[in-house]
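Asker: Structure file start_32.cif, mmCIF, C-alpha atoms, is pasted below:
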```cif
data_data
loop_
_atom_site.label_atom_id
_atom_site.label_comp_id
_atom_site.auth_asym_id
_atom_site.auth_seq_id
_atom_site.Cartn_x
_atom_site.Cartn_y
_atom_site.Cartn_z
CA MET A 1173 29.45 39.07 -9.26
CA LYS A 1174 30.50 41.73 -6.77
CA LEU A 1175 32.84 39.63 -4.64
CA PHE A 1176 35.96 37.72 -5.43
CA SER A 1177 37.58 35.11 -3.20
CA GLU A 1178 38.48 31.45 -3.13
CA ASN A 1179 35.04 30.68 -1.66
CA ILE A 1180 33.08 32.45 -4.32
CA GLU A 1181 35.27 30.81 -6.96
CA ASP A 1182 34.40 27.39 -5.48
CA LEU A 1183 30.70 28.25 -5.58
CA ARG A 1184 31.03 29.56 -9.13
CA THR A 1185 32.64 26.24 -10.15
CA LEU A 1186 29.77 24.34 -8.51
CA TYR A 1187 27.21 26.60 -10.23
CA VAL A 1188 28.75 26.07 -13.68
CA ALA A 1189 28.98 22.29 -13.08
CA GLY A 1190 25.31 22.39 -12.00
CA LEU A 1191 24.29 24.26 -15.17
CA LYS A 1192 26.20 21.73 -17.30
CA LYS A 1193 24.38 18.84 -15.58
CA ALA A 1194 21.05 20.69 -16.04
CA LEU A 1195 21.78 21.02 -19.76
CA ASP A 1196 22.42 17.27 -20.05
CA MET A 1197 19.21 16.65 -18.09
CA GLU A 1198 17.12 18.84 -20.42
CA GLN A 1199 18.70 17.38 -23.56
CA LYS A 1200 17.98 13.83 -22.37
CA ILE A 1201 14.38 14.81 -21.56
CA THR A 1202 13.86 16.21 -25.09
CA LYS A 1203 14.96 12.79 -26.39
CA ALA A 1204 12.70 10.84 -23.97
CA LEU A 1205 9.49 12.88 -24.37
CA PRO A 1206 8.61 11.79 -27.96
CA THR A 1207 8.31 8.16 -26.75
CA MET A 1208 6.19 9.28 -23.79
CA ILE A 1209 3.89 11.21 -26.19
CA GLU A 1210 3.66 8.18 -28.49
CA LYS A 1211 2.87 5.77 -25.62
CA SER A 1212 0.19 8.02 -24.01
CA THR A 1213 -3.41 6.91 -24.51
CA ASP A 1214 -5.13 9.79 -22.73
CA SER A 1215 -5.32 12.79 -25.10
CA GLN A 1216 -4.83 15.31 -22.26
CA LEU A 1217 -1.66 13.49 -21.18
CA ALA A 1218 -0.26 13.40 -24.74
CA ALA A 1219 -1.04 17.14 -25.11
CA ALA A 1220 0.68 17.92 -21.78
CA PHE A 1221 3.80 16.00 -22.88
CA ARG A 1222 3.78 17.77 -26.29
CA ASN A 1223 3.54 21.15 -24.59
CA HIS A 1224 6.30 20.20 -22.14
CA LEU A 1225 8.55 19.12 -25.03
CA THR A 1226 8.30 22.67 -26.44
CA GLU A 1227 9.01 24.11 -22.96
CA THR A 1228 11.96 21.72 -22.52
CA GLN A 1229 13.47 22.80 -25.86
CA GLY A 1230 13.18 26.37 -24.51
CA HIS A 1231 14.95 25.30 -21.29
CA VAL A 1232 17.83 23.81 -23.33
CA ALA A 1233 18.27 27.16 -25.10
CA LYS A 1234 18.01 29.15 -21.82
CA VAL A 1235 20.57 26.96 -19.99
CA GLN A 1236 22.94 27.08 -22.98
CA SER A 1237 22.66 30.85 -22.92
CA LEU A 1238 23.42 30.99 -19.15
CA LEU A 1239 26.46 28.75 -19.70
CA ARG A 1240 27.75 30.94 -22.54
CA GLU A 1241 27.36 34.00 -20.30
CA ALA A 1242 29.18 32.25 -17.43
CA THR A 1243 31.99 30.55 -19.35
CA GLY A 1244 31.83 31.41 -23.06
CA ASP A 1245 31.11 27.74 -23.72
CA ASP A 1246 27.86 25.75 -23.68
CA SER A 1247 29.01 22.13 -23.53
CA ALA A 1248 26.94 19.77 -21.34
CA GLY A 1249 28.00 17.74 -18.28
CA THR A 1250 26.55 14.41 -17.17
CA CYS A 1251 23.43 14.09 -15.03
CA LYS A 1252 23.49 10.50 -13.72
CA ALA A 1253 20.13 10.89 -11.97
CA ILE A 1254 18.16 11.71 -15.12
CA SER A 1255 19.65 8.70 -16.93
CA ALA A 1256 18.47 6.47 -14.08
CA LEU A 1257 15.00 8.08 -14.05
CA ILE A 1258 14.61 7.67 -17.83
CA THR A 1259 15.75 4.01 -17.69
CA GLU A 1260 13.17 3.35 -14.95
CA ALA A 1261 10.48 5.12 -17.05
CA GLU A 1262 11.32 2.92 -20.06
CA ASP A 1263 11.16 -0.23 -17.89
CA ASN A 1264 7.74 0.86 -16.56
CA ILE A 1265 6.40 1.46 -20.09
CA LYS A 1266 7.49 -2.05 -21.10
CA ASP A 1267 5.93 -3.62 -17.99
CA ALA A 1268 2.52 -1.92 -18.38
CA ALA A 1269 0.63 -3.56 -21.23
CA ASP A 1270 -2.82 -2.11 -20.46
CA PRO A 1271 -3.24 1.45 -21.89
CA SER A 1272 -4.75 3.10 -18.79
CA ILE A 1273 -2.18 1.45 -16.52
CA ARG A 1274 0.54 2.59 -18.92
CA ASP A 1275 -0.79 6.18 -18.65
CA ILE A 1276 -0.61 5.89 -14.85
CA THR A 1277 3.04 4.77 -15.01
CA LEU A 1278 3.88 7.50 -17.55
CA ILE A 1279 2.50 10.10 -15.13
CA ALA A 1280 4.45 8.59 -12.20
CA SER A 1281 7.71 8.57 -14.19
CA ALA A 1282 7.16 12.10 -15.50
CA GLN A 1283 6.48 13.40 -11.97
CA GLN A 1284 9.75 11.86 -10.76
CA VAL A 1285 11.52 13.73 -13.57
CA GLU A 1286 9.67 16.98 -12.76
CA HIS A 1287 10.60 16.73 -9.07
CA HIS A 1288 14.24 16.19 -9.97
CA GLU A 1289 14.12 19.29 -12.17
CA ILE A 1290 12.41 21.28 -9.39
CA ALA A 1291 15.23 20.35 -6.96
CA VAL A 1292 17.94 21.13 -9.54
CA TYR A 1293 16.56 24.56 -10.51
CA GLY A 1294 15.70 25.50 -6.91
CA THR A 1295 19.39 24.99 -6.05
CA LEU A 1296 20.76 26.72 -9.17
CA ARG A 1297 18.54 29.76 -8.60
CA SER A 1298 19.77 30.04 -4.96
CA TRP A 1299 23.39 29.75 -6.10
CA ALA A 1300 22.89 32.38 -8.84
CA GLU A 1301 21.43 34.73 -6.18
CA LEU A 1302 24.37 34.04 -3.85
CA LEU A 1303 26.76 34.83 -6.71
CA GLY A 1304 24.92 38.13 -7.30
CA GLN A 1305 23.82 37.04 -10.79
CA ASP A 1306 20.29 38.45 -10.68
CA GLY A 1307 19.56 38.02 -14.41
CA ALA A 1308 20.54 34.35 -14.31
CA ALA A 1309 18.53 33.89 -11.07
CA ASN A 1310 15.42 35.31 -12.83
CA THR A 1311 15.86 32.98 -15.82
CA LEU A 1312 16.27 29.98 -13.49
CA GLU A 1313 13.17 31.07 -11.54
CA THR A 1314 11.17 31.17 -14.82
CA ILE A 1315 12.27 27.62 -15.68
CA LEU A 1316 11.54 26.47 -12.09
CA GLU A 1317 7.98 27.84 -12.28
CA GLU A 1318 7.38 26.01 -15.60
CA GLU A 1319 8.56 22.74 -14.03
CA LYS A 1320 6.28 23.24 -11.01
CA LYS A 1321 3.30 23.95 -13.30
CA ALA A 1322 4.11 20.84 -15.38
CA ASP A 1323 4.09 18.77 -12.17
CA GLU A 1324 0.76 20.30 -11.04
CA LEU A 1325 -0.80 19.63 -14.47
CA LEU A 1326 0.31 15.98 -14.25
CA THR A 1327 -1.35 15.70 -10.82
CA ALA A 1328 -4.59 17.12 -12.31
CA ILE A 1329 -4.45 14.73 -15.30
CA SER A 1330 -3.65 11.86 -12.92
CA ASP A 1331 -7.02 12.42 -11.20
CA THR A 1332 -8.82 12.07 -14.58
CA VAL A 1333 -6.78 9.05 -15.71
CA ASN A 1334 -7.21 7.35 -12.33
CA THR A 1335 -10.99 7.91 -12.46
CA THR A 1336 -11.05 6.44 -15.98
CA ALA A 1337 -9.03 3.44 -14.81
CA GLU A 1338 -11.41 3.01 -11.87
CA THR A 1339 -14.49 3.22 -14.15
CA ARG A 1340 -12.98 0.75 -16.61
CA THR A 1341 -12.03 -1.54 -13.75
CA ALA A 1342 -15.53 -1.37 -12.26
CA TYR A 1343 -17.02 -2.05 -15.71
CA SER A 1344 -14.61 -4.93 -16.24
CA ALA A 1345 -15.47 -6.34 -12.78
CA ARG A 1346 -19.19 -6.25 -13.62
CA ALA A 1347 -18.72 -7.79 -17.09
CA MET B 321 -9.56 -3.70 -2.34
CA LYS B 322 -13.19 -3.80 -3.44
CA LEU B 323 -12.68 -4.58 -7.14
CA PHE B 324 -11.01 -7.43 -8.90
CA SER B 325 -9.99 -7.40 -12.54
CA GLU B 326 -6.94 -7.68 -14.77
CA ASN B 327 -6.53 -3.89 -14.58
CA ILE B 328 -6.56 -3.68 -10.84
CA GLU B 329 -4.16 -6.62 -10.70
CA ASP B 330 -1.78 -4.70 -13.00
CA LEU B 331 -2.03 -1.65 -10.75
CA ARG B 332 -1.52 -3.80 -7.66
CA THR B 333 1.63 -5.26 -9.23
CA LEU B 334 2.89 -1.73 -9.98
CA TYR B 335 2.07 -0.62 -6.42
CA VAL B 336 3.97 -3.53 -4.84
CA ALA B 337 6.94 -2.95 -7.18
CA GLY B 338 6.82 0.75 -6.19
CA LEU B 339 6.82 -0.12 -2.47
CA LYS B 340 9.79 -2.46 -2.99
CA LYS B 341 11.73 0.32 -4.79
CA ALA B 342 10.76 2.76 -1.99
CA LEU B 343 12.16 0.31 0.58
CA ASP B 344 15.47 0.09 -1.29
CA MET B 345 15.50 3.91 -1.52
CA GLU B 346 14.97 4.34 2.25
CA GLN B 347 17.53 1.64 3.13
CA LYS B 348 20.14 3.31 0.89
CA ILE B 349 19.37 6.70 2.48
CA THR B 350 19.91 5.29 6.00
CA LYS B 351 23.36 4.16 4.81
CA ALA B 352 24.19 7.52 3.17
CA LEU B 353 23.03 9.86 5.97
CA PRO B 354 25.80 9.06 8.52
CA THR B 355 28.43 10.37 6.04
CA MET B 356 26.32 13.47 5.39
CA ILE B 357 26.08 14.08 9.17
CA GLU B 358 29.85 13.59 9.55
CA LYS B 359 30.66 15.96 6.65
CA SER B 360 28.30 18.76 7.80
CA THR B 361 29.97 21.81 9.35
CA ASP B 362 26.83 23.79 10.21
CA SER B 363 25.37 22.43 13.47
CA GLN B 364 21.75 23.02 12.34
CA LEU B 365 22.43 21.01 9.19
CA ALA B 366 24.01 18.12 11.10
CA ALA B 367 21.03 18.13 13.52
CA ALA B 368 18.56 18.11 10.60
CA PHE B 369 20.34 15.12 9.03
CA ARG B 370 20.44 13.29 12.40
CA ASN B 371 16.70 13.88 12.86
CA HIS B 372 16.01 12.75 9.29
CA LEU B 373 18.02 9.57 9.86
CA THR B 374 15.64 8.66 12.70
CA GLU B 375 12.64 9.50 10.47
CA THR B 376 14.12 7.45 7.61
CA GLN B 377 14.58 4.42 9.89
CA GLY B 378 10.87 4.84 10.71
CA HIS B 379 10.04 4.97 6.98
CA VAL B 380 11.94 1.71 6.42
CA ALA B 381 9.79 0.04 9.11
CA LYS B 382 6.54 1.55 7.74
CA VAL B 383 7.24 0.49 4.13
CA GLN B 384 8.25 -3.01 5.27
CA SER B 385 4.97 -3.23 7.16
CA LEU B 386 2.97 -2.12 4.06
CA LEU B 387 4.80 -4.73 1.98
CA ARG B 388 4.07 -7.50 4.50
CA GLU B 389 0.37 -6.49 4.49
CA ALA B 390 0.30 -6.48 0.66
CA THR B 391 2.35 -9.60 -0.07
CA GLY B 392 3.37 -11.35 3.17
CA ASP B 393 6.99 -10.57 2.27
CA ASP B 394 9.12 -7.45 2.82
CA SER B 395 12.04 -7.93 0.46
CA ALA B 396 13.32 -4.77 -1.29
CA GLY B 397 13.50 -3.98 -5.02
CA THR B 398 16.06 -1.74 -6.74
CA CYS B 399 15.73 2.02 -6.99
CA LYS B 400 18.23 3.07 -9.69
CA ALA B 401 17.49 6.77 -9.22
CA ILE B 402 18.54 6.86 -5.55
CA SER B 403 21.83 5.10 -6.35
CA ALA B 404 22.56 7.77 -8.98
CA LEU B 405 21.60 10.60 -6.58
CA ILE B 406 23.80 9.20 -3.79
CA THR B 407 26.76 8.74 -6.16
CA GLU B 408 26.38 12.37 -7.28
CA ALA B 409 26.18 13.49 -3.63
CA GLU B 410 29.42 11.60 -2.82
CA ASP B 411 31.15 13.19 -5.86
CA ASN B 412 30.01 16.65 -4.71
CA ILE B 413 31.34 16.07 -1.16
CA LYS B 414 34.75 15.09 -2.60
CA ASP B 415 34.83 18.15 -4.91
CA ALA B 416 33.97 20.71 -2.18
CA ALA B 417 37.00 21.22 0.05
CA ASP B 418 35.81 24.41 1.79
CA PRO B 419 33.46 23.63 4.74
CA SER B 420 30.74 26.21 3.95
CA ILE B 421 30.76 25.26 0.26
CA ARG B 422 30.56 21.59 1.30
CA ASP B 423 27.49 22.40 3.43
CA ILE B 424 25.90 24.09 0.39
CA THR B 425 26.47 20.99 -1.76
CA LEU B 426 25.21 18.69 1.02
CA ILE B 427 21.96 20.70 1.12
CA ALA B 428 21.63 20.60 -2.69
CA SER B 429 22.18 16.82 -2.78
CA ALA B 430 19.79 16.21 0.12
CA GLN B 431 17.08 18.32 -1.54
CA GLN B 432 17.40 16.23 -4.72
CA VAL B 433 16.91 13.12 -2.59
CA GLU B 434 13.91 14.70 -0.78
CA HIS B 435 12.26 15.68 -4.07
CA HIS B 436 12.69 12.15 -5.37
CA GLU B 437 11.05 10.80 -2.24
CA ILE B 438 8.20 13.35 -2.53
CA ALA B 439 7.51 12.17 -6.12
CA VAL B 440 7.71 8.49 -5.12
CA TYR B 441 5.36 8.77 -2.11
CA GLY B 442 2.94 11.12 -3.94
CA THR B 443 2.49 8.39 -6.56
CA LEU B 444 2.30 5.49 -4.09
CA ARG B 445 -0.34 7.30 -2.00
CA SER B 446 -2.47 7.91 -5.16
CA TRP B 447 -2.13 4.27 -6.17
CA ALA B 448 -3.07 3.05 -2.67
CA GLU B 449 -6.19 5.28 -2.82
CA LEU B 450 -7.08 3.92 -6.28
CA LEU B 451 -6.72 0.38 -4.92
CA GLY B 452 -9.08 1.27 -2.05
CA GLN B 453 -6.32 0.72 0.54
CA ASP B 454 -7.14 3.65 2.81
CA GLY B 455 -4.92 2.58 5.72
CA ALA B 456 -1.89 2.26 3.45
CA ALA B 457 -2.77 5.60 1.79
CA ASN B 458 -2.76 7.28 5.23
CA THR B 459 0.62 5.78 6.14
CA LEU B 460 2.08 6.91 2.80
CA GLU B 461 0.60 10.41 3.34
CA THR B 462 2.33 10.57 6.77
CA ILE B 463 5.69 9.67 5.20
CA LEU B 464 5.09 12.15 2.34
CA GLU B 465 4.45 14.98 4.82
CA GLU B 466 7.70 14.17 6.69
CA GLU B 467 9.65 14.31 3.41
CA LYS B 468 8.06 17.66 2.51
CA LYS B 469 8.92 19.09 5.95
CA ALA B 470 12.52 17.80 5.64
CA ASP B 471 12.80 19.59 2.28
CA GLU B 472 11.37 22.84 3.74
CA LEU B 473 13.78 22.65 6.70
CA LEU B 474 16.72 22.27 4.29
CA THR B 475 15.55 25.39 2.41
CA ALA B 476 15.43 27.32 5.71
CA ILE B 477 18.92 26.08 6.73
CA SER B 478 20.18 26.89 3.23
CA ASP B 479 19.32 30.57 3.83
CA THR B 480 21.47 30.59 7.00
CA VAL B 481 24.37 28.67 5.44
CA ASN B 482 24.28 30.85 2.32
CA THR B 483 24.34 34.01 4.45
CA THR B 484 27.31 32.63 6.40
CA ALA B 485 29.12 31.82 3.14
CA GLU B 486 28.36 35.33 1.90
CA THR B 487 29.65 36.93 5.11
CA ARG B 488 32.81 34.81 5.08
CA THR B 489 33.33 35.64 1.41
CA ALA B 490 32.86 39.36 2.02
CA TYR B 491 35.30 39.17 4.95
CA SER B 492 37.78 37.23 2.83
CA ALA B 493 37.40 39.79 -0.02
CA ARG B 494 38.18 42.67 2.38
CA ALA B 495 41.14 40.87 3.95
#
```
Can the structure from this file be put into structure tokens for me?
Answerer:
Amino acid sequence: MKLFSENIEDLRTLYVAGLKKALDMEQKITKALPTMIEKSTDSQLAAAFRNHLTETQGHVAKVQSLLREATGDDSAGTCKAISALITEAEDNIKDAADPSIRDITLIASAQQVEHHEIAVYGTLRSWAELLGQDGAANTLETILEEEKKADELLTAISDTVNTTAETRTAYSARA
Amino acid sequence: MKLFSENIEDLRTLYVAGLKKALDMEQKITKALPTMIEKSTDSQLAAAFRNHLTETQGHVAKVQSLLREATGDDSAGTCKAISALITEAEDNIKDAADPSIRDITLIASAQQVEHHEIAVYGTLRSWAELLGQDGAANTLETILEEEKKADELLTAISDTVNTTAETRTAYSARA
């Protein structure tokens, strides 16, 4: 950080609070993903969630490292949005008894989580740049790209799952 | 809807529940935007929020119309995620005393809301397509595109606001 002023201190406080919320978000996602893997019927979807669990564990470590660099401490904050998104995902899983419909709701819930992460890391990367923290900005950009790819993969799997649901529905309608 | 089966009925139920949550989301956003307009310092940002308020009022009407077509009723559901996002936005506004820092947090909060809407409408459009409801899918695509443009505009404004904050900080550091 090249500059020092009340303004930059305010932004630094916001940035650290944002990182702490991001850590809570990632930690809650690592706890939610095993259930999403278990409830997935489509093998591609389960594999995507398994792969994203490994990525998410990496994001926890990366955000903890950024926090230690920024403050010497890596304690988490509270991300209210992710708690709400996970509660809604759990409600959807309960409501969808049919396996292919459940896969469709799992994808929808996961894409809501991915989009939240995309917004969070897009902001944190901009703030890191503004604070002149290029290394942190690069790390946040790496995480952001992984979240965008996870969202794109879910869209691709959604096309397959939706086609399967359509085929099964057509079969069921003929039966 | 060309097909009828238990599966498609499940998906239809999900779709209607999704529309009802989307309606609650849009209604809550119309209530939150006036404060965001009032708290904005940057004139471009205030104008973007004012324009998005008009768009959001249009989204409320469009989603109500889709619900009436689907069920004959346009009552809203509950979107827990948007309540959490708005609460976080209000907390951020309170925490940021400096006007340019407040603008930065307003943009961050608004982009989280936009990304949530993008995820919600991306899913609803896919479900409408799967249900063979092409008219509804087109309407949802129109809303989705407006949300994406609102997010892109916020990114563009963010560059200006961030540059202003940087300039003010540099000035303050020299003073």
Asker: Using only C-alpha atoms, can you list as a PyMOL selection string the residues within 10 Å of (13.9, 22.5, -7.7)?
Answerer: (chain A and resi 1286-1298+1312-1313+1315-1317+1319-1320) or (chain B and resi 428+431-432+435)
Asker: Would you save the residues of that selection, restricted to C-alpha atoms, as an mmCIF file, keeping the file's coordinate frame?
Answerer:
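Output (again-v2.cif):
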```cif
data_model
loop_
_atom_site.group_PDB
_atom_site.id
_atom_site.type_symbol
_atom_site.label_atom_id
_atom_site.label_comp_id
_atom_site.auth_asym_id
_atom_site.auth_seq_id
_atom_site.Cartn_x
_atom_site.Cartn_y
_atom_site.Cartn_z
ATOM 1 C CA GLU A 1286 9.670 16.980 -12.760
ATOM 2 C CA HIS A 1287 10.600 16.730 -9.070
ATOM 3 C CA HIS A 1288 14.240 16.190 -9.970
ATOM 4 C CA GLU A 1289 14.120 19.290 -12.170
ATOM 5 C CA ILE A 1290 12.410 21.280 -9.390
ATOM 6 C CA ALA A 1291 15.230 20.350 -6.960
ATOM 7 C CA VAL A 1292 17.940 21.130 -9.540
ATOM 8 C CA TYR A 1293 16.560 24.560 -10.510
ATOM 9 C CA GLY A 1294 15.700 25.500 -6.910
ATOM 10 C CA THR A 1295 19.390 24.990 -6.050
ATOM 11 C CA LEU A 1296 20.760 26.720 -9.170
ATOM 12 C CA ARG A 1297 18.540 29.760 -8.600
ATOM 13 C CA SER A 1298 19.770 30.040 -4.960
ATOM 14 C CA LEU A 1312 16.270 29.980 -13.490
ATOM 15 C CA GLU A 1313 13.170 31.070 -11.540
ATOM 16 C CA ILE A 1315 12.270 27.620 -15.680
ATOM 17 C CA LEU A 1316 11.540 26.470 -12.090
ATOM 18 C CA GLU A 1317 7.980 27.840 -12.280
ATOM 19 C CA GLU A 1319 8.560 22.740 -14.030
ATOM 20 C CA LYS A 1320 6.280 23.240 -11.010
ATOM 21 C CA ALA B 428 21.630 20.600 -2.690
ATOM 22 C CA GLN B 431 17.080 18.320 -1.540
ATOM 23 C CA GLN B 432 17.400 16.230 -4.720
ATOM 24 C CA HIS B 435 12.260 15.680 -4.070
#
```
Asker: I'd like the box whose edges run along x, y and z of the file and which contains every listed atom of region 1235-1248 of chain A, padded by 6 Å per side; could you state its centre and edge lengths in Å, one decimal, as JSON?
Answerer:
```
{"center_x": 26.3, "center_y": 26.9, "center_z": -20.6, "size_x": 23.4, "size_y": 26.2, "size_z": 18.3}
```
Asker: Determine, counting all atoms listed in the file, which protein, DNA and RNA residues have an atom within 10 Å of an atom of Ala1220 (chain A); residues of the same chain fewer than 6 positions away are not included. Present the result as a ChimeraX atom specification.
Answerer: /A:1209,1322,1325-1326,1329
Asker: Name every residue that the PyMOL selection byres ((chain B and resi 375) around 12) selects in this structure, writing the answer as a ChimeraX atom specification with chains first and numbers rising.
Answerer: /B:346-347,349-350,353,368-374,376-382,462-467,469-470
Asker: I need the residues from that last selection saved to file as a compact mmCIF listing (two decimals), in the frame of the given file (with C-alpha atoms), if you can.
Answerer:
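File written: selection14.txt
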```txt
# COMPACT_ATOMS: atom_id res chain seq x y z
CA GLU B 346 14.97 4.34 2.25
CA GLN B 347 17.53 1.64 3.13
CA ILE B 349 19.37 6.70 2.48
CA THR B 350 19.91 5.29 6.00
CA LEU B 353 23.03 9.86 5.97
CA ALA B 368 18.56 18.11 10.60
CA PHE B 369 20.34 15.12 9.03
CA ARG B 370 20.44 13.29 12.40
CA ASN B 371 16.70 13.88 12.86
CA HIS B 372 16.01 12.75 9.29
CA LEU B 373 18.02 9.57 9.86
CA THR B 374 15.64 8.66 12.70
CA THR B 376 14.12 7.45 7.61
CA GLN B 377 14.58 4.42 9.89
CA GLY B 378 10.87 4.84 10.71
CA HIS B 379 10.04 4.97 6.98
CA VAL B 380 11.94 1.71 6.42
CA ALA B 381 9.79 0.04 9.11
CA LYS B 382 6.54 1.55 7.74
CA THR B 462 2.33 10.57 6.77
CA ILE B 463 5.69 9.67 5.20
CA LEU B 464 5.09 12.15 2.34
CA GLU B 465 4.45 14.98 4.82
CA GLU B 466 7.70 14.17 6.69
CA GLU B 467 9.65 14.31 3.41
CA LYS B 469 8.92 19.09 5.95
CA ALA B 470 12.52 17.80 5.64
```
Asker: One decimal, Å: what's the distance from CA of Ser420 (chain B) over to CA of Ser1255 (chain A), could you say?
Answerer: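 If I compute the distance from CA of Ser420 (chain B) to CA of Ser1255 (chain A), I get 29.4 Å.
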Asker: Rank nothing, just name the residue among B:Asp479, B:Gly452, B:Lys351, B:Cys399 nearest to Ile328 (chain B), using all atoms listed in the file.
Answerer: B:Gly452
